[in-house]
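Student: This is the structure, below, for whatever I ask next.
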Amino acid sequence: MNRKIVIKAILAGILAAFWPVSAQAARVFNTLSVDGGTAWVPSQGDAEVGEGGSSVTVAPGTAVNVDINLDLTDESQWGSTRWDVINTGAFGCQDIDPDFFVGTNLGSSVTIDTTGLNPGTYDVKITAYTDIPNGPCTNLNFNDFIILTGALIICDDADGDGVCGEDDNCPGTPNPNQEDGDGDGVGDVCDECPQDNPDDSDNDGLCDSEDECPNDPDNDADNDGLCGDVDPFPNDPDNDADGDGIGGDVDECPNDADNDADGDGICGDVDECPNDPDNDADDDGICGDVDECPNDPDNDADGDGLCGDVDPFPNDPDNDADGDGIGGDVDECPNDADNDADGDGICGDVDECPNDPDNDADDDGICGDVDECPNDPDNDADNDGLCGDVDPFPNDPDDDADGDGIGGDVDECPNDADNDADDDGICGDVDECPNDPNNDADDDGICGDVDECPNDPNNDADNDDICGDVDDCPNDPNNDADGDGLCADEDPFPNDPDNDADDDGLGGDVDPCPNDPNNDADGDGVCGNEDPFPNDPDNDADGDGVGGDVDNCVNIHNPNQNDADGDGIGDVCDSDLALEGCPEDLTITADTDEGVSLNFEMPVAVNGLGDVAVTVDPEPGSSFPVGTTNVVVTATDDFGKTAICAFKVTVTADTEPAGQTETTPGTETGGTTTTGGTNLPCNPLLNQSLFGFACAPCFLAGMVLTFLGMIGMRQRMIRRRR
């Protein structure tokens with residue numbers, strides 16, 4: 001028996017007794033690397049599927065190594081590893097010696113045999129086994145696996161050199177090292193020119209490294225030192241000497257770039273007139289291609305643009321301009337067909353009046369033969385039927401209508417004999433104010449020559465003897481008395497130059513505090529704009545910098561204004577002032593309708609600070625009328641703390657025999673709750689002996705109770721002092 005198997009069997013027994021093996025998967029894959037590529041890791045969604053790793057491409061029969069790293073947990077063991085190429089039947093088992101037990105980052109590997117696998121892409125399954133107790137790769141209950149999808153790619157390798165055909169640079173010749181010295185993609189073992197890339201570019205049988213013209217199969221056929229692939233004329237050793245783009249080997253005129261341009265059979269480099277097929281037909285020494293008159297040896301002698309061989313008047317550049325049949329070179333008036341019709345010695349083409357021998361004597365632009373006033377250049381300008389040379393006012397059709405000796409054409413006021421006496425530019429015959437050059441400037445209906453205020457339409461409306469056009473305040477007889485720039489008719493405060501600066505509705509001239517809108521609100525005689533405490537008549541009596549209107553201790557210096565209980569009274573002056581012994585509500589029967597005089601015990605003020613002032617309304621001993629009267633007792637200490645006690649006294653008129661009065665229970669009043677009394681035949685505390693001994697039987701009892709009450713009050717006062 002195999003010794004390892006025996007040892008594992010013994011270990012199995014020991015483990016079975018002391019270290020039970022878990023039936024749960026306990027081999028956790030960390031990483032798997034195929035032939036050293038990028039590592040595969042278990043998918044987060046399925047730990048039995050790998051992701052993220054790189055695949056490997058190999059030829060059939062190539063061994064592929066898989067490095068494995070995993071963790072062992074839960075008292076488990078890793079003794080062997082199996083590989084499977086899924087769906088091919090190819091598999092193998094790799095024993096681990098020594099076995100791995102519980103631990104992390106444990107590493108091992110397997111080698112996959114690809115012999116017999118067809119080209120294609122395959123998934124690889126790696127399974128880690130527990131060998132105890134059945135041996136390597138046999139324990140079906142204790143194993144964990146992971147599948148590497150597409151991790152193995154098998155390709156063709158015709159020459160058996162271990163390199164896939166599509167990647168083999170010599171697929172028909174074994175060359176496992178794939179050497180390619182010239183980097184042309186063809187391995188050296190099958191490259192005819194292993195040092196050339198490309199090998200023989202022009203296919204002339206010479207490797208490029210040995211070929212002087214590697215891209216010219218004719219290798220400089222014309223021997224001009226230029227290879228054919230860069231020689232524009234590979235068969236012309238002169239390389240188109242005339243530069244006409246035609247190689248000398250096919251150019252009929254190899255030295256004539258125009259190649260006998262005139263087609264006379266003579267190449268231009270030897271033709272005297274290379275562009276004239278007639279070669280100077282008129283023999284004037286100018287070739288026909290540049291001769292403007294190739295058949296006129298005089299070349300248009302008169303310069304009229306017509307060559308002499310076709311010009312009817314070869315010496316007249318105007319070619320009988322006036323059409324009289326006489327060439328201009330012999331015509332006295334070459335541009336006058338009538339040849340000076342009026343006989344004034346001026347040819348008609350330059351004679352402004354060809355039919356007027358006087359040539360417009362009055363120079364009015366109208367020739368005398370058609371001029372109605374041949375001696376009047378204005379031709380009766382005023383249209384009065386008299387030509388200007390005989391009209392005394394040649395430009396005035398009315399012939400001085402106003403008789404001032406000035407013709408209307410130059411008379412500024414042809415109908416005004418005074419000619420605008422006021423010189424306002426308006427003639428007197430149409431001027432509403434003929435003696436007022438400003439023509440009632442203020443439009444008040446009074447002409448300026450009789451208007452006291454000629455520029456004031458209101459004629460000194462405020463009667464201050466200053467016309468409105470020069471009066472700064474035309475409607476204010478006092479002319480802005482306060483000098484604030486506002487006239488009284490527009491000034492709400494005509495005597496206040498600051499115009500109610502504090503906006504309190506009182507002008508500064510009558511405002512006791514012109515810059516204080518509240519006008520000394522606290523009545524301390526200091527206006528608010530100068531009063532540091534405008535709402536405190538005592539102006540911070542305690543000198544703590546806080547005005548009495550907001551000081552929570554008006555008479556005690558407390559600049560920090562601390563108020564721990566938030567009652568609005570500062571801590572330094574906050575007392576627990578209270579009134580104790582507030583009387584109960586009372587009901588009394590009077591002998592008459594006029595009411596009764598009543599004394600009652602005053603409540604006692606306690607816990608006040610400083611002196612405490614106690615007021616009562618109405619006071620003890622006052623007369624209480626029939627009906628209900630509210631009695632209010634108020635205590636106030638030096639720091640403004642107040643306590644109030646209130647109760648009611650109800651007086652009824654007596655309609656029964658004397659001695660039948662009674663009281664009613666008290667109620668909750670003034671914040672202090674008192675307990676009502678008991679109905680008695682009489683009330684000794686009222687001391688009704690003062691008004692007629694109405695309760696004589698109870699007098700003695702009343703005196704006793706009064707004495708006892710005074711003792712109790714004294715004791716309470718002693719306790720409070722303590």
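Lettering and numbering for the structure tokens are positional, with chains as A, B, ... in the shown order, residues counted from 1 in each chain, and ligands counted from 1 in the shown order.
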If you count only C-alpha atoms, which residues fall within 12 Å of Asn299 in chain A, apart from same-chain ones fewer than 4 positions away, as a list of chain:residue names?
Tutor: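 Here the answer would be A:Asp282, A:Asp283, A:Asp284, A:Gly285, A:Ile286, A:Gly288, A:Val290, A:Asp291, A:Glu292, A:Cys293, A:Pro294, A:Asn295, A:Gly303, A:Asp304, A:Gly305, A:Leu306, A:Cys307, A:Gly308, A:Asp309, A:Val310, A:Asp311, A:Pro314, A:Asn315.
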Student: Could you turn the residues from that selection into a file that holds N, CA, C and O atoms, as a compact mmCIF listing (two decimals), in the first residue's frame?
Tutor:
```txt
# COMPACT_ATOMS: atom_id res chain seq x y z
N ASP A 282 4.07 92.14 -93.39
CA ASP A 282 4.21 93.49 -93.97
C ASP A 282 5.64 93.99 -93.91
O ASP A 282 5.93 95.14 -94.27
N ASP A 283 6.56 93.16 -93.42
CA ASP A 283 7.99 93.45 -93.45
C ASP A 283 8.34 94.77 -92.75
O ASP A 283 9.15 95.56 -93.25
N ASP A 284 7.60 95.01 -91.62
CA ASP A 284 7.91 96.25 -90.88
C ASP A 284 8.81 95.97 -89.69
O ASP A 284 9.03 96.83 -88.84
N GLY A 285 9.37 94.77 -89.65
CA GLY A 285 10.29 94.41 -88.58
C GLY A 285 9.58 94.02 -87.28
O GLY A 285 10.23 93.82 -86.24
N ILE A 286 8.24 93.93 -87.36
CA ILE A 286 7.46 93.53 -86.17
C ILE A 286 6.73 92.25 -86.50
O ILE A 286 5.97 92.19 -87.49
N GLY A 288 4.10 89.34 -86.66
CA GLY A 288 2.65 89.49 -86.72
C GLY A 288 1.93 89.25 -85.41
O GLY A 288 0.87 89.83 -85.17
N VAL A 290 2.70 90.30 -82.56
CA VAL A 290 2.73 91.50 -81.71
C VAL A 290 2.51 92.75 -82.54
O VAL A 290 2.53 93.86 -81.99
N ASP A 291 2.26 92.64 -83.84
CA ASP A 291 2.05 93.77 -84.74
C ASP A 291 0.56 94.07 -84.77
O ASP A 291 -0.25 93.23 -85.19
N GLU A 292 0.13 95.29 -84.25
CA GLU A 292 -1.29 95.61 -84.24
C GLU A 292 -1.86 95.71 -85.65
O GLU A 292 -3.05 95.48 -85.86
N CYS A 293 -1.04 96.07 -86.62
CA CYS A 293 -1.49 96.13 -88.03
C CYS A 293 -0.51 95.27 -88.85
O CYS A 293 0.44 95.79 -89.49
N PRO A 294 -0.72 93.96 -88.80
CA PRO A 294 0.26 93.07 -89.44
C PRO A 294 0.35 93.25 -90.97
O PRO A 294 1.32 92.83 -91.58
N ASN A 295 -0.70 93.92 -91.60
CA ASN A 295 -0.68 94.13 -93.05
C ASN A 295 -0.55 95.61 -93.41
O ASN A 295 -0.78 96.01 -94.56
N GLY A 303 -3.72 106.90 -86.04
CA GLY A 303 -3.98 106.46 -84.67
C GLY A 303 -5.44 106.39 -84.30
O GLY A 303 -5.82 106.63 -83.15
N ASP A 304 -6.31 106.09 -85.31
CA ASP A 304 -7.74 106.01 -85.01
C ASP A 304 -8.19 104.60 -84.70
O ASP A 304 -9.38 104.33 -84.57
N GLY A 305 -7.25 103.69 -84.59
CA GLY A 305 -7.60 102.30 -84.28
C GLY A 305 -7.94 101.49 -85.50
O GLY A 305 -8.27 100.32 -85.37
N LEU A 306 -7.88 102.14 -86.66
CA LEU A 306 -8.13 101.42 -87.91
C LEU A 306 -6.82 101.36 -88.69
O LEU A 306 -6.20 102.40 -88.98
N CYS A 307 -6.40 100.11 -89.00
CA CYS A 307 -5.16 99.97 -89.77
C CYS A 307 -5.36 100.57 -91.18
O CYS A 307 -6.47 100.54 -91.72
N GLY A 308 -4.29 101.08 -91.71
CA GLY A 308 -4.37 101.79 -93.00
C GLY A 308 -4.95 100.95 -94.11
O GLY A 308 -5.58 101.50 -95.03
N ASP A 309 -4.80 99.66 -94.05
CA ASP A 309 -5.30 98.82 -95.13
C ASP A 309 -6.82 98.71 -95.13
O ASP A 309 -7.41 98.25 -96.10
N VAL A 310 -7.47 99.20 -94.05
CA VAL A 310 -8.94 99.16 -94.00
C VAL A 310 -9.52 100.52 -93.63
O VAL A 310 -10.74 100.63 -93.44
N ASP A 311 -8.77 101.64 -93.51
CA ASP A 311 -9.23 102.96 -93.06
C ASP A 311 -9.56 103.82 -94.28
O ASP A 311 -8.68 104.10 -95.10
N PRO A 314 -7.28 107.38 -93.93
CA PRO A 314 -6.13 106.86 -93.18
C PRO A 314 -5.33 107.92 -92.45
O PRO A 314 -4.56 107.60 -91.54
N ASN A 315 -5.54 109.26 -92.83
CA ASN A 315 -4.80 110.32 -92.15
C ASN A 315 -5.71 111.18 -91.26
O ASN A 315 -5.30 112.26 -90.81
```
Student: Which of range 51-90 of chain A end up as strand (DSSP E) when DSSP is run on this backbone - answer as a ChimeraX atom specification?
Tutor: /A:51,56-58,63-72,78-85,90
Student: How would the residues just chosen look if you wrote them out with C-alpha atoms as a CSV table (one decimal), in the first residue's frame?
Tutor:
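Listing of selection-v1.csv after writing:
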```csv
chain,number,residue,atom,x,y,z
A,51,GLU,CA,-13.8,37.2,-12.6
A,56,VAL,CA,-3.9,32.3,-22.0
A,57,THR,CA,-3.6,31.3,-25.7
A,58,VAL,CA,-1.5,28.2,-26.5
A,63,ALA,CA,1.3,22.8,-20.6
A,64,VAL,CA,-0.5,25.6,-18.8
A,65,ASN,CA,0.3,26.3,-15.1
A,66,VAL,CA,-2.4,27.7,-12.7
A,67,ASP,CA,-1.2,29.2,-9.4
A,68,ILE,CA,-3.7,29.0,-6.6
A,69,ASN,CA,-4.0,30.9,-3.3
A,70,LEU,CA,-6.7,30.2,-0.8
A,71,ASP,CA,-7.7,30.2,2.9
A,72,LEU,CA,-8.5,27.1,5.0
A,78,TRP,CA,-6.3,20.8,1.5
A,79,GLY,CA,-4.6,17.7,0.2
A,80,SER,CA,-5.1,17.7,-3.6
A,81,THR,CA,-6.3,19.8,-6.5
A,82,ARG,CA,-8.1,18.7,-9.6
A,83,TRP,CA,-8.3,20.6,-12.9
A,84,ASP,CA,-11.0,20.1,-15.6
A,85,VAL,CA,-11.3,21.6,-19.1
A,90,ALA,CA,-9.7,16.5,-20.1
```
Student: Got a sec: who's within 9 Å of range 250-256 of chain A, counting only C-alpha atoms, leaving out chain neighbours fewer than 6 positions off, as a PDB file with all heavy atoms, in the first residue's frame?
Tutor:
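What landed in part.pdb:
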```pdb
ATOM      1  N   ASP A 236      15.051  60.154 -70.079  1.00  0.00           N
ATOM      2  CA  ASP A 236      15.630  61.368 -70.668  1.00  0.00           C
ATOM      3  C   ASP A 236      16.799  61.795 -69.781  1.00  0.00           C
ATOM      4  O   ASP A 236      16.586  62.315 -68.682  1.00  0.00           O
ATOM      5  CB  ASP A 236      14.569  62.479 -70.728  1.00  0.00           C
ATOM      6  CG  ASP A 236      15.137  63.795 -71.268  1.00  0.00           C
ATOM      7  OD1 ASP A 236      16.267  63.801 -71.783  1.00  0.00           O
ATOM      8  OD2 ASP A 236      14.400  64.805 -71.154  1.00  0.00           O
ATOM      9  N   ASP A 240      14.021  66.717 -69.516  1.00  0.00           N
ATOM     10  CA  ASP A 240      13.148  67.768 -70.054  1.00  0.00           C
ATOM     11  C   ASP A 240      13.880  69.113 -70.044  1.00  0.00           C
ATOM     12  O   ASP A 240      13.541  70.029 -69.268  1.00  0.00           O
ATOM     13  CB  ASP A 240      11.839  67.853 -69.245  1.00  0.00           C
ATOM     14  CG  ASP A 240      10.854  68.831 -69.866  1.00  0.00           C
ATOM     15  OD1 ASP A 240      10.999  69.152 -71.049  1.00  0.00           O
ATOM     16  OD2 ASP A 240       9.948  69.281 -69.128  1.00  0.00           O
ATOM     17  N   ALA A 241      14.878  69.244 -70.912  1.00  0.00           N
ATOM     18  CA  ALA A 241      15.732  70.432 -70.941  1.00  0.00           C
ATOM     19  C   ALA A 241      14.940  71.720 -71.127  1.00  0.00           C
ATOM     20  O   ALA A 241      15.286  72.774 -70.576  1.00  0.00           O
ATOM     21  CB  ALA A 241      16.770  70.290 -72.060  1.00  0.00           C
ATOM     22  N   ASP A 242      13.825  71.707 -71.960  1.00  0.00           N
ATOM     23  CA  ASP A 242      13.075  72.946 -72.205  1.00  0.00           C
ATOM     24  C   ASP A 242      11.948  73.158 -71.188  1.00  0.00           C
ATOM     25  O   ASP A 242      11.190  74.126 -71.270  1.00  0.00           O
ATOM     26  CB  ASP A 242      12.523  72.976 -73.637  1.00  0.00           C
ATOM     27  CG  ASP A 242      11.645  71.768 -73.948  1.00  0.00           C
ATOM     28  OD1 ASP A 242      11.347  70.983 -73.020  1.00  0.00           O
ATOM     29  OD2 ASP A 242      11.227  71.627 -75.119  1.00  0.00           O
ATOM     30  N   GLY A 243      11.795  72.217 -70.239  1.00  0.00           N
ATOM     31  CA  GLY A 243      10.820  72.406 -69.155  1.00  0.00           C
ATOM     32  C   GLY A 243       9.385  72.450 -69.602  1.00  0.00           C
ATOM     33  O   GLY A 243       8.559  73.127 -68.971  1.00  0.00           O
ATOM     34  N   ASP A 244       9.061  71.771 -70.710  1.00  0.00           N
ATOM     35  CA  ASP A 244       7.677  71.796 -71.168  1.00  0.00           C
ATOM     36  C   ASP A 244       6.878  70.605 -70.661  1.00  0.00           C
ATOM     37  O   ASP A 244       5.735  70.375 -71.057  1.00  0.00           O
ATOM     38  CB  ASP A 244       7.622  71.838 -72.704  1.00  0.00           C
ATOM     39  CG  ASP A 244       8.284  70.613 -73.348  1.00  0.00           C
ATOM     40  OD1 ASP A 244       8.818  69.760 -72.610  1.00  0.00           O
ATOM     41  OD2 ASP A 244       8.273  70.541 -74.588  1.00  0.00           O
ATOM     42  N   CYS A 267      10.999  75.059 -85.065  1.00  0.00           N
ATOM     43  CA  CYS A 267      10.985  75.070 -83.597  1.00  0.00           C
ATOM     44  C   CYS A 267      11.342  76.463 -83.103  1.00  0.00           C
ATOM     45  O   CYS A 267      12.160  77.179 -83.699  1.00  0.00           O
ATOM     46  CB  CYS A 267      11.982  74.049 -83.046  1.00  0.00           C
ATOM     47  SG  CYS A 267      11.451  72.331 -83.268  1.00  0.00           S
ATOM     48  N   GLY A 268      10.715  76.838 -81.971  1.00  0.00           N
ATOM     49  CA  GLY A 268      10.858  78.186 -81.447  1.00  0.00           C
ATOM     50  C   GLY A 268      12.280  78.580 -81.137  1.00  0.00           C
ATOM     51  O   GLY A 268      12.621  79.767 -81.194  1.00  0.00           O
ATOM     52  N   ASP A 269      13.128  77.648 -80.794  1.00  0.00           N
ATOM     53  CA  ASP A 269      14.482  78.018 -80.416  1.00  0.00           C
ATOM     54  C   ASP A 269      15.306  78.474 -81.621  1.00  0.00           C
ATOM     55  O   ASP A 269      16.372  79.071 -81.462  1.00  0.00           O
ATOM     56  CB  ASP A 269      15.176  76.865 -79.694  1.00  0.00           C
ATOM     57  CG  ASP A 269      15.160  75.569 -80.504  1.00  0.00           C
ATOM     58  OD1 ASP A 269      14.117  75.271 -81.138  1.00  0.00           O
ATOM     59  OD2 ASP A 269      16.163  74.846 -80.461  1.00  0.00           O
ATOM     60  N   VAL A 270      14.777  78.267 -82.862  1.00  0.00           N
ATOM     61  CA  VAL A 270      15.492  78.729 -84.065  1.00  0.00           C
ATOM     62  C   VAL A 270      14.595  79.581 -84.952  1.00  0.00           C
ATOM     63  O   VAL A 270      15.025  80.034 -86.023  1.00  0.00           O
ATOM     64  CB  VAL A 270      16.036  77.522 -84.871  1.00  0.00           C
ATOM     65  CG1 VAL A 270      17.109  76.793 -84.075  1.00  0.00           C
ATOM     66  CG2 VAL A 270      14.910  76.559 -85.258  1.00  0.00           C
TER      67      VAL A 270
END
```
Student: Range 113-123 of chain A: which residues within 6 Å, counting only C-alpha atoms, same-chain residues fewer than 5 positions away excluded, as an MDAnalysis selection string?
Tutor: chainID A and resid 60:63 86 148:155
Student: Keeping only C-alpha atoms, take the residues you just selected and write them out as a PDB file, in the first residue's frame.
Tutor:
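Saved as again_34.pdb:
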```
ATOM      1  CA  PRO A  60      -2.480  21.975 -28.402  1.00  0.00           C
ATOM      2  CA  GLY A  61      -0.097  19.982 -26.194  1.00  0.00           C
ATOM      3  CA  THR A  62       1.210  23.081 -24.387  1.00  0.00           C
ATOM      4  CA  ALA A  63       1.339  22.769 -20.598  1.00  0.00           C
ATOM      5  CA  ILE A  86     -15.061  21.761 -19.100  1.00  0.00           C
ATOM      6  CA  LEU A 148     -12.581  30.383 -14.716  1.00  0.00           C
ATOM      7  CA  THR A 149     -14.728  31.258 -17.724  1.00  0.00           C
ATOM      8  CA  GLY A 150     -12.758  31.495 -21.001  1.00  0.00           C
ATOM      9  CA  ALA A 151      -9.410  31.136 -19.254  1.00  0.00           C
ATOM     10  CA  LEU A 152      -7.935  28.725 -21.891  1.00  0.00           C
ATOM     11  CA  ILE A 153      -7.682  29.390 -25.648  1.00  0.00           C
ATOM     12  CA  ILE A 154      -6.288  26.611 -27.977  1.00  0.00           C
ATOM     13  CA  CYS A 155      -5.112  27.548 -31.491  1.00  0.00           C
TER      14      CYS A 155
END
```
Student: Taking 3 positions as the minimum chain separation for residues in the same chain, which residues sit within 7 Å of Pro454 in chain A when counting only C-alpha atoms? Answer as a CSV table (one decimal) with all heavy atoms, in the first residue's frame.
Tutor:
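Listing of result.csv after writing:
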```
chain,number,residue,atom,x,y,z
A,440,ASP,N,-45.1,142.4,-27.5
A,440,ASP,CA,-45.8,141.9,-26.4
A,440,ASP,C,-45.2,140.6,-25.9
A,440,ASP,O,-45.8,139.5,-25.9
A,440,ASP,CB,-47.3,141.7,-26.7
A,440,ASP,CG,-48.1,141.3,-25.4
A,440,ASP,OD1,-47.6,141.6,-24.3
A,440,ASP,OD2,-49.2,140.8,-25.6
A,441,ALA,N,-43.9,140.7,-25.5
A,441,ALA,CA,-43.1,139.5,-25.1
A,441,ALA,C,-43.8,138.6,-24.1
A,441,ALA,O,-43.7,137.4,-24.1
A,441,ALA,CB,-41.7,140.0,-24.6
A,442,ASP,N,-44.5,139.3,-23.1
A,442,ASP,CA,-45.1,138.4,-22.1
A,442,ASP,C,-46.5,138.0,-22.4
A,442,ASP,O,-47.2,137.4,-21.6
A,442,ASP,CB,-45.2,139.2,-20.7
A,442,ASP,CG,-45.9,140.5,-20.8
A,442,ASP,OD1,-46.5,140.8,-21.9
A,442,ASP,OD2,-45.8,141.3,-19.8
A,448,GLY,N,-45.3,146.2,-25.5
A,448,GLY,CA,-44.2,146.5,-24.6
A,448,GLY,C,-43.9,148.0,-24.5
A,448,GLY,O,-43.5,148.5,-23.5
A,451,ASP,N,-46.4,148.8,-21.7
A,451,ASP,CA,-46.5,147.8,-20.6
A,451,ASP,C,-45.5,148.0,-19.5
A,451,ASP,O,-44.3,148.1,-19.8
A,451,ASP,CB,-46.3,146.4,-21.2
A,451,ASP,CG,-46.8,145.3,-20.2
A,451,ASP,OD1,-47.0,145.6,-19.0
A,451,ASP,OD2,-46.9,144.1,-20.7
```
Student: Which residues are near Asp551 in chain A? Cut-off 10 Å, only C-alpha atoms, ignore same chain within fewer than 5 positions. Put them as an NGL selection string.
Tutor: :A and (536 or 540-542 or 544-546 or 556-559 or 561 or 568-570)
Student: Please, could you write that set of residues out with N, CA and C atoms as a tab-separated table (two decimals), in the first residue's frame?
Tutor:
```
chain	number	residue	atom	x	y	z
A	536	ASP	N	-36.24	109.09	29.50
A	536	ASP	CA	-36.09	108.95	30.95
A	536	ASP	C	-36.01	110.35	31.56
A	540	ASP	N	-31.20	108.55	33.83
A	540	ASP	CA	-30.37	107.49	34.43
A	540	ASP	C	-30.01	107.85	35.88
A	541	ALA	N	-31.05	107.84	36.71
A	541	ALA	CA	-30.88	108.26	38.11
A	541	ALA	C	-29.81	107.47	38.83
A	542	ASP	N	-29.68	106.17	38.52
A	542	ASP	CA	-28.70	105.36	39.25
A	542	ASP	C	-27.33	105.36	38.58
A	544	ASP	N	-26.04	104.01	35.91
A	544	ASP	CA	-25.44	102.76	35.41
A	544	ASP	C	-25.37	102.73	33.89
A	545	GLY	N	-25.69	103.85	33.23
A	545	GLY	CA	-25.59	103.91	31.76
A	545	GLY	C	-26.82	103.37	31.07
A	546	VAL	N	-27.86	102.98	31.83
A	546	VAL	CA	-29.10	102.46	31.24
A	546	VAL	C	-30.22	103.40	31.65
A	556	ILE	N	-31.06	101.45	41.32
A	556	ILE	CA	-29.85	100.73	41.77
A	556	ILE	C	-28.93	100.55	40.58
A	557	HIS	N	-27.67	100.88	40.77
A	557	HIS	CA	-26.65	100.78	39.72
A	557	HIS	C	-26.47	99.30	39.31
A	558	ASN	N	-26.88	98.96	38.11
A	558	ASN	CA	-26.70	97.57	37.61
A	558	ASN	C	-26.50	97.61	36.10
A	559	PRO	N	-25.28	97.99	35.66
A	559	PRO	CA	-25.05	98.12	34.21
A	559	PRO	C	-25.21	96.82	33.45
A	561	GLN	N	-27.56	94.57	33.93
A	561	GLN	CA	-29.00	94.31	33.78
A	561	GLN	C	-29.36	92.84	33.95
A	568	GLY	N	-38.41	90.90	34.30
A	568	GLY	CA	-38.30	92.30	33.95
A	568	GLY	C	-37.75	93.16	35.07
A	569	ILE	N	-37.46	92.57	36.23
A	569	ILE	CA	-36.87	93.30	37.35
A	569	ILE	C	-35.48	92.74	37.59
A	570	GLY	N	-34.48	93.62	37.60
A	570	GLY	CA	-33.10	93.17	37.76
A	570	GLY	C	-32.89	92.42	39.07
```
